There are 2 protein chains.
Amino acid sequence: MKSNLDCIPCFLRQALEASRMATDDEEVQREVLDEVMDILKDLELESKKPPKIGKYVHRAVKEITDTQDPYKKIKEEQNEEALEIYPKLEEKVESAKDRFLTAVKIAIAGNIIDLGPGHEIDLEEEVEEVLSKELSIDHYDEFRENLERSETIFYLGDNVGEIVFDKILLRELGDKEIFYFVKGAPKINDAMAIDAKKAGIDEYAKVDVVGDGRPGTGPERDSPEFIERMQEADLVISKGQGNYEALSETPANIFFLLKAKCPVIADDLGVDVGDIILK
Amino acid sequence: MKSNLDCIPCFLRQALEASRMATDDEEVQREVLDEVMDILKDLELESKKPPKIGKYVHRAVKEITDTQDPYKKIKEEQNEEALEIYPKLEEKVESAKDRFLTAVKIAIAGNIIDLGPGHEIDLEEEVEEVLSKELSIDHYDEFRENLERSETIFYLGDNVGEIVFDKILLRELGDKEIFYFVKGAPKINDAMAIDAKKAGIDEYAKVDVVGDGRPGTGPERDSPEFIERMQEADLVISKGQGNYEALSETPANIFFLLKAKCPVIADDLGVDVGDIILK
């Protein structure tokens, strides 16, 4: 998916948010914004996916604030908050008419956690809202059919907290070989191996990593190397906006589960902001 | 009121919004954003009020898109939409227990129109919401007392559409000498004399202008010249965020009526975003 002009103010907003988590020093925060404006000014937006630009932006935040993981604290809180309501999510699946659809929707509901701090989110309310909503793009039947004949599944995780909601869906996938991918290095509030462990993802899947191209962080999710691996899996479940932005045009058997939270993505999908998607 | 770092992404969002109203050419829109980033990079934010920065930003929009009034079309629509519900607003005042308080709140409700395009607003719903809400800063009694002993009133208008809501309050101010100030030159979706005329403001007040410092546009609202005039008025009614940003520290008998719609202003006022204010 291509970036567009809306991404410019949005990346600056993100850079400010991340800087504020890393430091209280407003001069340093300002330095970050100035650097990000320099980066954005020289960029050909149209030829770049948003996560690529995000990489430059968040690298600048890390370097200037001298903080490797600005979202560390908020990530821990988000995982704990999600784990607190996990038993209730299990109950919802147990008591549902269509337990698999309910699990799918709960996994999508978890995607709201991406909005991050500054946006007060009532997780339980969000779950109720998503459960009562229709999928705006609804490839649920194809998804089920594909799953039935799949042995090896790749599941691309998204944010901390959200991964707890994914566990609900993982539990319903049955007896398959599942690889759950998290990030190999800190990236906004994306989940890493340590977060997946805390969420107990390893009860249902093998945790593996995608990285940002730097040594030791794993292959990038849209690298030829990783795309080849995805093509060997029978089915890929991709969670969230970032994975959609990176992989929407990838030739592999990918089902995207997400909530459309930004106008650029909603436009690309042909849906409204706030809609839930299984594509 | 001082600008802060939140203003940087917000001004870029505004510049993109204005550029899109002026032209469909994405290359020109991009040129505007690049120019605005140059402007923001060199600015000492802390020493400047947001309207001052807005002036630089929107001047860049006008120059690069070669459009003197990008908001022209949306302004016309907003005035018409507001005029359509005007009779209903009058009815609400007529049937109210406290008709003056109702008129004050309707004037504040009109301030939501500032949000502009892209934000779908149901004006009638907004009026209902504001009428059912308490003022978060409530100097209503002082306002009434001051009004009673005032002969000359300055009323500083804000946006097109909103001015129709102001007319409801103007009608209740009684037999005073009222000067209603609009902008002497196009400025985002702020009202100008032609809009005030269409709204019928001149039934209740003399329409006068404040400008942006350029010849023929009138004195700026925070210029020594205009502040001196305000000090001679018995009472000044200031509508909206822009006037608050420009005049919050001005030594004159000013009552600010607004809805706090941005976090920077809400923070300055010590209220929550969405709160309504009579200060």
# chains A, B, ... in the order shown; residues from 1 in each chain; ligands from 1
call {"tool": "interface_residues", "arguments": {"of": "chain B", "to": "chain A", "cutoff": "9 Å", "atoms": "only C-alpha atoms", "output": "JSON, numbers by chain"}}
result
{"B": [5, 6, 8, 9, 10, 11, 12, 13, 16, 26, 29, 30, 33, 34, 35, 37, 38, 40, 41, 42]}
call {"tool": "select_by_dssp", "arguments": {"residues": "range 25-221 of chain B", "states": "strand (DSSP E)", "output": "list in words"}}
result
Ile137, Asp138, Thr152, Ile153, Phe154, Tyr155, Leu156, Glu177, Ile178, Phe179, Tyr180, Phe181, Val182, Lys183, Lys206, Val207, Asp208, Val209 and Val210 of chain B
call {"tool": "write_last_selection", "arguments": {"atoms": "C-alpha atoms", "output": "PDB file, in the first residue's frame"}}
result
ATOM      1  CA  ILE B 137     -15.936  27.374  33.318  1.00  0.00           C
ATOM      2  CA  ASP B 138     -19.067  29.234  34.341  1.00  0.00           C
ATOM      3  CA  THR B 152     -21.164  49.643  24.239  1.00  0.00           C
ATOM      4  CA  ILE B 153     -20.410  46.045  23.383  1.00  0.00           C
ATOM      5  CA  PHE B 154     -17.797  44.582  21.059  1.00  0.00           C
ATOM      6  CA  TYR B 155     -18.669  41.135  19.775  1.00  0.00           C
ATOM      7  CA  LEU B 156     -15.772  39.321  18.080  1.00  0.00           C
ATOM      8  CA  GLU B 177     -24.597  49.799  20.944  1.00  0.00           C
ATOM      9  CA  ILE B 178     -23.124  46.606  19.535  1.00  0.00           C
ATOM     10  CA  PHE B 179     -20.202  46.309  17.137  1.00  0.00           C
ATOM     11  CA  TYR B 180     -19.830  42.901  15.570  1.00  0.00           C
ATOM     12  CA  PHE B 181     -16.308  42.239  14.279  1.00  0.00           C
ATOM     13  CA  VAL B 182     -15.509  39.941  11.384  1.00  0.00           C
ATOM     14  CA  LYS B 183     -12.298  39.474   9.393  1.00  0.00           C
ATOM     15  CA  LYS B 206     -22.905  47.368  13.315  1.00  0.00           C
ATOM     16  CA  VAL B 207     -20.493  45.155  11.404  1.00  0.00           C
ATOM     17  CA  ASP B 208     -16.845  46.200  11.606  1.00  0.00           C
ATOM     18  CA  VAL B 209     -13.590  44.434  10.721  1.00  0.00           C
ATOM     19  CA  VAL B 210     -10.320  43.257  12.177  1.00  0.00           C
TER      20      VAL B 210
END
call {"tool": "closest_atom_pairs", "arguments": {"of": "range 203-261 of chain B", "to": "range 52-71 of chain B", "cutoff": "12 Å", "atoms": "only C-alpha atoms", "output": "CSV"}}
result
residue,atom,partner,partner_atom,distance
B:Gly211,CA,B:Lys55,CA,11.1
B:Asp212,CA,B:Lys55,CA,8.0
B:Gly213,CA,B:Lys55,CA,10.5
B:Arg214,CA,B:Lys55,CA,11.6
B:Glu220,CA,B:Lys52,CA,10.5
B:Arg221,CA,B:Lys52,CA,11.2
B:Asp222,CA,B:Lys52,CA,10.2
B:Ser223,CA,B:Lys52,CA,11.9
B:Gly242,CA,B:Gly54,CA,9.7
B:Asn243,CA,B:Lys52,CA,11.5
B:Glu245,CA,B:Lys52,CA,9.6
B:Ala246,CA,B:Lys52,CA,8.3
B:Leu247,CA,B:Lys52,CA,11.9
call {"tool": "atom_distance", "arguments": {"atom1": "CA of Asp122 in chain A", "atom2": "CA of Val236 in chain A"}}
result
29.2 Å
call {"tool": "select_by_dssp", "arguments": {"residues": "range 120-187 of chain A", "states": "alpha helix (DSSP H)", "output": "ChimeraX atom specification"}}
result
/A:123-131,140-148,162-172
call {"tool": "write_last_selection", "arguments": {"atoms": "C-alpha atoms", "output": "PDB file, in the first residue's frame"}}
result
ATOM      1  CA  LEU A 123     -11.437  -2.774  25.927  1.00  0.00           C
ATOM      2  CA  GLU A 124     -14.597  -4.549  27.010  1.00  0.00           C
ATOM      3  CA  GLU A 125     -16.774  -1.939  25.349  1.00  0.00           C
ATOM      4  CA  GLU A 126     -14.744  -2.286  22.175  1.00  0.00           C
ATOM      5  CA  VAL A 127     -15.221  -6.062  22.193  1.00  0.00           C
ATOM      6  CA  GLU A 128     -18.977  -5.633  22.573  1.00  0.00           C
ATOM      7  CA  GLU A 129     -19.057  -3.143  19.734  1.00  0.00           C
ATOM      8  CA  VAL A 130     -17.082  -5.346  17.356  1.00  0.00           C
ATOM      9  CA  LEU A 131     -19.130  -8.428  18.250  1.00  0.00           C
ATOM     10  CA  TYR A 140     -15.176 -15.427   6.509  1.00  0.00           C
ATOM     11  CA  ASP A 141     -16.418 -18.460   4.545  1.00  0.00           C
ATOM     12  CA  GLU A 142     -13.278 -18.539   2.375  1.00  0.00           C
ATOM     13  CA  PHE A 143     -11.215 -18.156   5.523  1.00  0.00           C
ATOM     14  CA  ARG A 144     -12.862 -21.187   7.171  1.00  0.00           C
ATOM     15  CA  GLU A 145     -12.593 -23.305   4.032  1.00  0.00           C
ATOM     16  CA  ASN A 146      -8.927 -22.437   3.633  1.00  0.00           C
ATOM     17  CA  LEU A 147      -8.240 -23.171   7.268  1.00  0.00           C
ATOM     18  CA  GLU A 148      -9.786 -26.609   7.031  1.00  0.00           C
ATOM     19  CA  GLU A 162      -3.687  -7.208  20.983  1.00  0.00           C
ATOM     20  CA  ILE A 163      -1.679 -10.446  21.071  1.00  0.00           C
ATOM     21  CA  VAL A 164      -3.733 -11.539  24.086  1.00  0.00           C
ATOM     22  CA  PHE A 165      -6.825 -11.255  21.891  1.00  0.00           C
ATOM     23  CA  ASP A 166      -5.045 -13.281  19.193  1.00  0.00           C
ATOM     24  CA  LYS A 167      -4.576 -16.077  21.719  1.00  0.00           C
ATOM     25  CA  ILE A 168      -8.369 -16.464  21.750  1.00  0.00           C
ATOM     26  CA  LEU A 169      -8.298 -17.154  18.017  1.00  0.00           C
ATOM     27  CA  LEU A 170      -5.172 -19.329  18.172  1.00  0.00           C
ATOM     28  CA  ARG A 171      -6.965 -21.557  20.686  1.00  0.00           C
ATOM     29  CA  GLU A 172      -9.733 -22.165  18.117  1.00  0.00           C
TER      30      GLU A 172
END
call {"tool": "residues_around", "arguments": {"residues": "Ile277 in chain B", "least_positions_apart": "4", "cutoff": "8 Å", "atoms": "only C-alpha atoms", "output": "PyMOL selection string"}}
result
chain B and resi 108+135-138+256-260
call {"tool": "write_last_selection", "arguments": {"atoms": "N, CA and C atoms", "output": "JSON list (two decimals), in the first residue's frame"}}
result
[["chain", "number", "residue", "atom", "x", "y", "z"],
["B", 108, "ILE", "N", -22.55, 29.30, 21.83],
["B", 108, "ILE", "CA", -21.38, 28.43, 22.04],
["B", 108, "ILE", "C", -21.48, 27.19, 21.14],
["B", 135, "LEU", "N", -21.69, 24.42, 31.81],
["B", 135, "LEU", "CA", -20.47, 25.15, 31.46],
["B", 135, "LEU", "C", -19.34, 24.68, 32.37],
["B", 136, "SER", "N", -18.20, 24.32, 31.80],
["B", 136, "SER", "CA", -17.07, 23.85, 32.61],
["B", 136, "SER", "C", -16.38, 25.00, 33.31],
["B", 137, "ILE", "N", -16.32, 26.13, 32.64],
["B", 137, "ILE", "CA", -15.94, 27.37, 33.32],
["B", 137, "ILE", "C", -17.17, 28.26, 33.19],
["B", 138, "ASP", "N", -17.72, 28.65, 34.34],
["B", 138, "ASP", "CA", -19.07, 29.23, 34.34],
["B", 138, "ASP", "C", -19.07, 30.61, 35.00],
["B", 256, "PHE", "N", -14.99, 35.21, 27.19],
["B", 256, "PHE", "CA", -14.72, 34.26, 26.12],
["B", 256, "PHE", "C", -15.80, 33.17, 26.10],
["B", 257, "LEU", "N", -16.45, 33.02, 24.96],
["B", 257, "LEU", "CA", -17.44, 31.95, 24.77],
["B", 257, "LEU", "C", -16.88, 30.99, 23.74],
["B", 258, "LEU", "N", -16.67, 29.75, 24.13],
["B", 258, "LEU", "CA", -16.12, 28.79, 23.17],
["B", 258, "LEU", "C", -16.33, 27.36, 23.62],
["B", 259, "LYS", "N", -16.12, 26.49, 22.67],
["B", 259, "LYS", "CA", -16.03, 25.07, 22.96],
["B", 259, "LYS", "C", -14.55, 24.71, 22.81],
["B", 260, "ALA", "N", -13.98, 24.03, 23.81],
["B", 260, "ALA", "CA", -12.56, 23.66, 23.75],
["B", 260, "ALA", "C", -12.42, 22.45, 22.85]]
